[in-house]
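A quick write-up on the structure given underneath.
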Amino acid sequence: HTRCLRESLPSVWCATNVVRRCSPRDRPRDPPGRPGRGRSEPGEMSAEEQVGRDVLGRVGLSTGFTLLVIGTGIAARLGEVMETSASAGVARFAGSVALPAAVFRGIAAIDFGTVDGKIVLVLTLSRVVVFGLGALYGYNLHGHKAQRLARAGIFGIFCTQSNDFAFGLPIVESVFPPAQSRTNFTSYILLLAPIQLGLINVFGFLLAEMSAEHASSQPLP
């Protein structure tokens, strides 16, 4: 009996070690923030959720700041803080001097070696298609030819003209910071603005002028 007990002790010792190593207390745990198979510890946030929360925070902050500036301008206008002549001068300065200077400065600082021409072409064609669909819808509405041409130009501009500088730039820079993103998406916004203003809007204004010319050539009833 003593000999059998001595021979069985090593097997018992090995079995005890196997059970001890496989016990839940001694099992390796997943590192914080990287749970196994997508499971997260209670109260902890994964890396994807943290990135999404940071992006939403930056977008909300930039959008809120933009709305605050716009609201301040509207309140100043409604409250008659400035006289009519002064507000007209500020509007002329912003539209004729400040905005073109900002666009020129932004375009001059673009590294065109990093700009993908295919993306610019696709974005331009998409705006042209949207303009054409809006103009076609406006032209098919009821009315005489002069009114239909005017509606076509107005509807086309309305469908494609967006406030890229006030909302587009802050939102894009919040989602894709230039210092952290491989592609500088703000450059595409700066490149599309002259295309919208110098090509698409001009065609819409041309339709409006054709409407005025056609209306003046019509005999009065």
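Identifiers for the structure tokens are assigned positionally: chains receive A, B, ... in sequence, residues are indexed from 1 per chain, and ligands are indexed from 1 in the order shown.
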
So that I can check the surroundings of Asn140 of chain A, please list as a list in words every protein, DNA and RNA residue that reaches within 12 Å of it, counting only C-alpha atoms and ignoring chain neighbours fewer than 5 positions away.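 My reading of the contact set: Leu133, Gly134, Ala135, Lys145, Gln147, Arg148, Leu149, Ala150, Arg151, Ala152 and Phe155 of chain A.
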
Dump of N, CA, C and O atoms for the selected residues, as a compact mmCIF listing (two decimals), in the first residue's frame:
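out.txt, freshly written:
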# COMPACT_ATOMS: atom_id res chain seq x y z
N LEU A 133 -30.67 68.62 -62.58
CA LEU A 133 -31.94 68.07 -62.12
C LEU A 133 -32.83 69.15 -61.51
O LEU A 133 -34.05 69.19 -61.75
N GLY A 134 -32.23 70.04 -60.71
CA GLY A 134 -33.01 71.13 -60.13
C GLY A 134 -33.54 72.08 -61.18
O GLY A 134 -34.70 72.53 -61.12
N ALA A 135 -32.69 72.41 -62.16
CA ALA A 135 -33.12 73.31 -63.24
C ALA A 135 -34.22 72.65 -64.08
O ALA A 135 -35.18 73.31 -64.49
N LYS A 145 -42.69 80.85 -70.75
CA LYS A 145 -41.30 80.48 -70.94
C LYS A 145 -40.36 81.33 -70.09
O LYS A 145 -39.37 80.83 -69.55
N GLN A 147 -40.90 82.76 -67.14
CA GLN A 147 -40.95 82.29 -65.76
C GLN A 147 -40.26 80.94 -65.60
O GLN A 147 -39.58 80.69 -64.60
N ARG A 148 -40.41 80.08 -66.58
CA ARG A 148 -39.79 78.76 -66.47
C ARG A 148 -38.27 78.85 -66.53
O ARG A 148 -37.57 78.13 -65.81
N LEU A 149 -37.73 79.72 -67.34
CA LEU A 149 -36.27 79.90 -67.39
C LEU A 149 -35.75 80.46 -66.07
O LEU A 149 -34.70 80.04 -65.58
N ALA A 150 -36.48 81.43 -65.52
CA ALA A 150 -36.07 82.01 -64.23
C ALA A 150 -36.10 80.96 -63.13
O ALA A 150 -35.18 80.87 -62.31
N ARG A 151 -37.17 80.16 -63.11
CA ARG A 151 -37.25 79.10 -62.10
C ARG A 151 -36.13 78.08 -62.28
O ARG A 151 -35.58 77.58 -61.29
N ALA A 152 -35.79 77.76 -63.49
CA ALA A 152 -34.73 76.79 -63.73
C ALA A 152 -33.41 77.28 -63.15
O ALA A 152 -32.70 76.53 -62.46
N PHE A 155 -33.76 77.43 -59.16
CA PHE A 155 -33.79 76.09 -58.56
C PHE A 155 -32.43 75.41 -58.65
O PHE A 155 -32.00 74.72 -57.71

What's the separation between atom CA of Ile157 of chain A and atom CA of Gly64 of chain A, in Å to one decimal place?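 For atom CA of Ile157 of chain A relative to atom CA of Gly64 of chain A, the distance reads 26.6 Å.
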
Please give the complete set of residues from segment 23-185 of chain A that DSSP, run on the backbone, assigns to alpha helix (DSSP H), formatted as a PyMOL selection string. chain A and resi 47-78+84-93+99-108+117-139+145-160+169-175

Selection near Asp164 of chain A, 12 Å with only C-alpha atoms, sequence-local residues under 2 positions removed, as a ChimeraX atom specification: /A:66,99,103,160-162,166-173,186-194,196-197

Any chance you could export the current selection's N, CA, C and O atoms as a tab-separated table (two decimals), in the first residue's frame?
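Contents of out_12.tsv, freshly written:
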chain	number	residue	atom	x	y	z
A	66	THR	N	-20.12	78.40	-34.72
A	66	THR	CA	-20.57	79.03	-35.97
A	66	THR	C	-21.98	79.59	-35.82
A	66	THR	O	-22.27	80.72	-36.25
A	99	LEU	N	-13.84	87.73	-47.95
A	99	LEU	CA	-14.06	86.37	-48.42
A	99	LEU	C	-13.17	86.00	-49.60
A	99	LEU	O	-12.54	84.93	-49.58
A	103	VAL	N	-10.34	82.98	-49.47
A	103	VAL	CA	-10.32	81.88	-50.43
A	103	VAL	C	-8.98	81.85	-51.18
A	103	VAL	O	-8.39	80.78	-51.38
A	160	THR	N	-27.55	73.58	-55.38
A	160	THR	CA	-26.10	73.35	-55.33
A	160	THR	C	-25.36	74.33	-54.43
A	160	THR	O	-24.26	74.02	-53.98
A	161	GLN	N	-25.94	75.49	-54.18
A	161	GLN	CA	-25.24	76.49	-53.37
A	161	GLN	C	-25.33	76.11	-51.89
A	161	GLN	O	-26.41	75.97	-51.34
A	162	SER	N	-24.19	75.93	-51.27
A	162	SER	CA	-24.15	75.57	-49.86
A	162	SER	C	-23.18	76.50	-49.13
A	162	SER	O	-22.28	77.07	-49.74
A	166	ALA	N	-18.86	78.66	-43.91
A	166	ALA	CA	-19.35	78.83	-42.54
A	166	ALA	C	-19.53	77.49	-41.82
A	166	ALA	O	-19.20	77.36	-40.64
A	167	PHE	N	-20.06	76.48	-42.53
A	167	PHE	CA	-20.33	75.18	-41.90
A	167	PHE	C	-19.43	74.07	-42.42
A	167	PHE	O	-19.04	73.19	-41.66
A	168	GLY	N	-19.13	74.08	-43.71
A	168	GLY	CA	-18.35	72.99	-44.29
A	168	GLY	C	-16.94	72.90	-43.73
A	168	GLY	O	-16.49	71.83	-43.29
A	169	LEU	N	-16.23	74.02	-43.71
A	169	LEU	CA	-14.84	74.00	-43.23
A	169	LEU	C	-14.73	73.59	-41.76
A	169	LEU	O	-13.92	72.73	-41.42
A	170	PRO	N	-15.51	74.18	-40.84
A	170	PRO	CA	-15.39	73.75	-39.44
A	170	PRO	C	-15.74	72.28	-39.22
A	170	PRO	O	-15.07	71.59	-38.45
A	171	ILE	N	-16.77	71.79	-39.90
A	171	ILE	CA	-17.18	70.40	-39.69
A	171	ILE	C	-16.13	69.44	-40.26
A	171	ILE	O	-15.76	68.45	-39.61
A	172	VAL	N	-15.63	69.73	-41.45
A	172	VAL	CA	-14.62	68.85	-42.06
A	172	VAL	C	-13.33	68.86	-41.24
A	172	VAL	O	-12.70	67.81	-41.02
A	173	GLU	N	-12.92	70.03	-40.77
A	173	GLU	CA	-11.71	70.09	-39.95
A	173	GLU	C	-11.91	69.41	-38.61
A	173	GLU	O	-10.94	68.94	-38.00
A	186	THR	N	-10.06	69.76	-46.50
A	186	THR	CA	-10.43	71.17	-46.61
A	186	THR	C	-9.99	71.76	-47.94
A	186	THR	O	-10.60	72.72	-48.42
A	187	SER	N	-8.96	71.19	-48.54
A	187	SER	CA	-8.50	71.70	-49.84
A	187	SER	C	-9.56	71.49	-50.91
A	187	SER	O	-9.72	72.32	-51.81
A	188	TYR	N	-10.32	70.40	-50.82
A	188	TYR	CA	-11.37	70.15	-51.81
A	188	TYR	C	-12.52	71.15	-51.66
A	188	TYR	O	-13.13	71.55	-52.66
A	189	ILE	N	-12.81	71.54	-50.44
A	189	ILE	CA	-13.85	72.57	-50.25
A	189	ILE	C	-13.40	73.89	-50.86
A	189	ILE	O	-14.18	74.60	-51.52
A	190	LEU	N	-12.14	74.24	-50.65
A	190	LEU	CA	-11.62	75.50	-51.20
A	190	LEU	C	-11.57	75.45	-52.72
A	190	LEU	O	-11.74	76.50	-53.38
A	191	LEU	N	-11.32	74.29	-53.30
A	191	LEU	CA	-11.27	74.18	-54.76
A	191	LEU	C	-12.66	74.16	-55.38
A	191	LEU	O	-12.84	74.63	-56.51
A	192	LEU	N	-13.65	73.62	-54.67
A	192	LEU	CA	-15.00	73.57	-55.21
A	192	LEU	C	-15.72	74.91	-55.13
A	192	LEU	O	-16.65	75.16	-55.90
A	193	ALA	N	-15.31	75.77	-54.21
A	193	ALA	CA	-15.99	77.07	-54.08
A	193	ALA	C	-15.85	77.91	-55.35
A	193	ALA	O	-16.86	78.45	-55.85
A	194	PRO	N	-14.65	78.07	-55.94
A	194	PRO	CA	-14.59	78.83	-57.20
A	194	PRO	C	-15.35	78.17	-58.34
A	194	PRO	O	-15.89	78.86	-59.21
A	196	GLN	N	-18.14	76.47	-58.03
A	196	GLN	CA	-19.55	76.78	-57.81
A	196	GLN	C	-19.85	78.23	-58.17
A	196	GLN	O	-20.85	78.51	-58.85
A	197	LEU	N	-19.00	79.13	-57.72
A	197	LEU	CA	-19.26	80.55	-57.94
A	197	LEU	C	-18.97	80.99	-59.37
A	197	LEU	O	-19.65	81.89	-59.90

Which polymer residues have any atom within 12 Å of an atom of Asp116 of chain A, counting only C-alpha atoms, with same-chain residues fewer than 4 positions away left out, as a list in words? Asp111, Phe112, Val120, Leu121, Val122, Leu123, Thr183, Asn184, Phe185, Ser187, Tyr188 and Leu191 of chain A

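Coordinates place atom CA of Tyr139 of chain A at a distance of 10.4 Å from atom CA of Leu207 of chain A.
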
For Pro178 of chain A, which residue out of A:Ser216, A:Ile110, A:Ser211, A:Asn201 is the nearest one, using only C-alpha atoms? A:Ile110

So the first atom is atom CA of Ser62 of chain A and the second is atom CA of Gly156 of chain A; what is the distance between them in Å, to one decimal place?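 Atom CA of Gly156 of chain A lies at a distance of 28.9 Å from atom CA of Ser62 of chain A.
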
So, counting only C-alpha atoms, which residue among A:Ala215, A:Ile195, A:Val175, A:Val90 is closest to Leu61 of chain A?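 The closest residue to Leu61 of chain A is A:Val175.
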